Structure formats: structure tokens, C-alpha cells
Amino acid sequence: MKDLTIITFTNTDETVFSKEFDTDKIKTDDWLVVGNRAGILSSTCGKYNLFGGYNTFGYKTTASKVFSGLPKHTFLKVSFTLFFVDSWDWESLFISVDDEIVRAVKKTDVYGGNYHMCGWTATMEEVILVEALVPHSNDKFTFQLKD
Ligand SMILES: [Ca+2]
């Protein structure tokens, strides 16, 4: 993934609380990743630097981070650009906030996709924007991605 953005909302304000994976340098501090390959946390896909990706995250990988110190809010929006790299056998990627699944996304085809950008040449990648707007008011939350 890239471009993870966390925005908090009140009735009158919206605040961009956090932006990460939006530059060439992928900073993985404070992320807890389980089941990734050889402890690797980032990769390159075409011209993009990703958190996860080919030969890093795969089947049964979980990545999570606790965000704390949020301003007063009633809603939270999480968004990121998701790269489905190589084949996905109709499995879903689940996005959770505080252990509740807020979004489940699937690659539209096992081997097909938008174009080949990285990984195996025979399988195409699919890039989608994932957004979830969640009623939320605590000053911290746990964000988790898992397949
Ligand atoms: Ca590929």
C-alpha cells in the first residue's frame, strides 16, 4: 500500500491527522507486522515504493498500528492506495478499526488486473483506492490489515 491518510472529523472541522507511505522513504516505525517474508516491510512496484508488496507481505500476513493522540472527533476516515500484487485466489483483504472489519476488498481477477508492474510477469497488478468512514470518538485506535 501507499498513501495511508487518517482524517478526523467533527461537525465543523476536518483534520488530517496522519499521512504516511506518501514519499519514497517508507517509514515503518510503530507498525507490527506478523507473517511477512524474512522480516521485509517494503518493496518497489514499478515506480512506486510500497509498504508491503511483492516478496514482503503475502498469505496470512497481518499489519497493524496504534494511532494515538487524535483530536476530538466523531468520525474517522482512513484511506490508502492498495496494490494487489500478483495472484489473489478470490481472498479478501480485510481492513479493521479497533478489531471491527470496516472494509473487505477483493482483486477482480486471480491473475488479471490493470497492468504488470512488479512480481511475476505473468500476473497483473490491480491498484485501487480504499476508503472507510467510521463513527469513532476515542483518542486512539488500532488500524489493521489482514488477508
Ligand atoms: Ca505481476
# chains A, B, ... in the order shown; residues from 1 in each chain; ligands from 1

call {"tool": "residues_around", "arguments": {"residues": "range 71-87 of chain A", "least_positions_apart": "4", "cutoff": "7 Å", "atoms": "only C-alpha atoms", "output": "PyMOL selection string"}}
result
chain A and resi 1-10+53-54+107+110-111+119-120+123-137+139

call {"tool": "atom_distance", "arguments": {"atom1": "CA of Lys25 in chain A", "atom2": "CA of Leu50 in chain A"}}
result
9.1 Å

call {"tool": "closest_residue", "arguments": {"among": "A:Asp147, A:Asp29, A:Arg37, A:Asn55", "to": "ligand 1", "atoms": "only C-alpha atoms and all ligand atoms"}}
result
A:Asn55

call {"tool": "residues_around", "arguments": {"residues": "Phe57 in chain A", "least_positions_apart": "4", "cutoff": "10 Å", "atoms": "only C-alpha atoms", "output": "PyMOL selection string"}}
result
chain A and resi 33-43+51-53+61-63+85+146-147

call {"tool": "select_by_dssp", "arguments": {"residues": "chain A", "states": "strand (DSSP E or B)", "output": "ChimeraX atom specification"}}
result
/A:2-9,14-20,31-34,42-45,48-51,62-68,75-84,92-97,100-106,115,125-135,140-146

call {"tool": "closest_residue", "arguments": {"among": "A:Thr44, A:Thr28, A:Val66, A:Gln144", "to": "Ala104 in chain A", "atoms": "only C-alpha atoms"}}
result
A:Gln144

call {"tool": "closest_residue", "arguments": {"among": "A:Phe141, A:Tyr115, A:Tyr59, A:Phe67", "to": "Trp88 in chain A", "atoms": "only C-alpha atoms"}}
result
A:Tyr59

call {"tool": "atom_distance", "arguments": {"atom1": "CA of Phe143 in chain A", "atom2": "CA of His116 in chain A"}}
result
28.9 Å

call {"tool": "residues_around", "arguments": {"residues": "Asp99 in chain A", "least_positions_apart": "2", "cutoff": "8 Å", "atoms": "only C-alpha atoms", "output": "number ranges by chain"}}
result
A: 96-97, 101, 142, 144

call {"tool": "write_last_selection", "arguments": {"atoms": "N, CA and C atoms", "output": "mmCIF file, in the first residue's frame"}}
result
data_model
loop_
_atom_site.group_PDB
_atom_site.id
_atom_site.type_symbol
_atom_site.label_atom_id
_atom_site.label_comp_id
_atom_site.auth_asym_id
_atom_site.auth_seq_id
_atom_site.Cartn_x
_atom_site.Cartn_y
_atom_site.Cartn_z
ATOM 1 N N SER A 96 -9.468 -3.323 9.354
ATOM 2 C CA SER A 96 -10.169 -3.215 10.635
ATOM 3 C C SER A 96 -9.765 -1.961 11.389
ATOM 4 N N VAL A 97 -10.734 -1.420 12.116
ATOM 5 C CA VAL A 97 -10.503 -0.336 13.068
ATOM 6 C C VAL A 97 -10.973 -0.868 14.415
ATOM 7 N N ILE A 101 -14.113 -5.133 11.405
ATOM 8 C CA ILE A 101 -13.832 -5.020 9.974
ATOM 9 C C ILE A 101 -14.674 -3.896 9.387
ATOM 10 N N THR A 142 -6.746 1.257 16.782
ATOM 11 C CA THR A 142 -5.839 0.299 16.154
ATOM 12 C C THR A 142 -6.311 0.070 14.727
ATOM 13 N N GLN A 144 -5.753 -2.142 11.311
ATOM 14 C CA GLN A 144 -5.169 -3.439 10.955
ATOM 15 C C GLN A 144 -5.555 -3.852 9.546
#
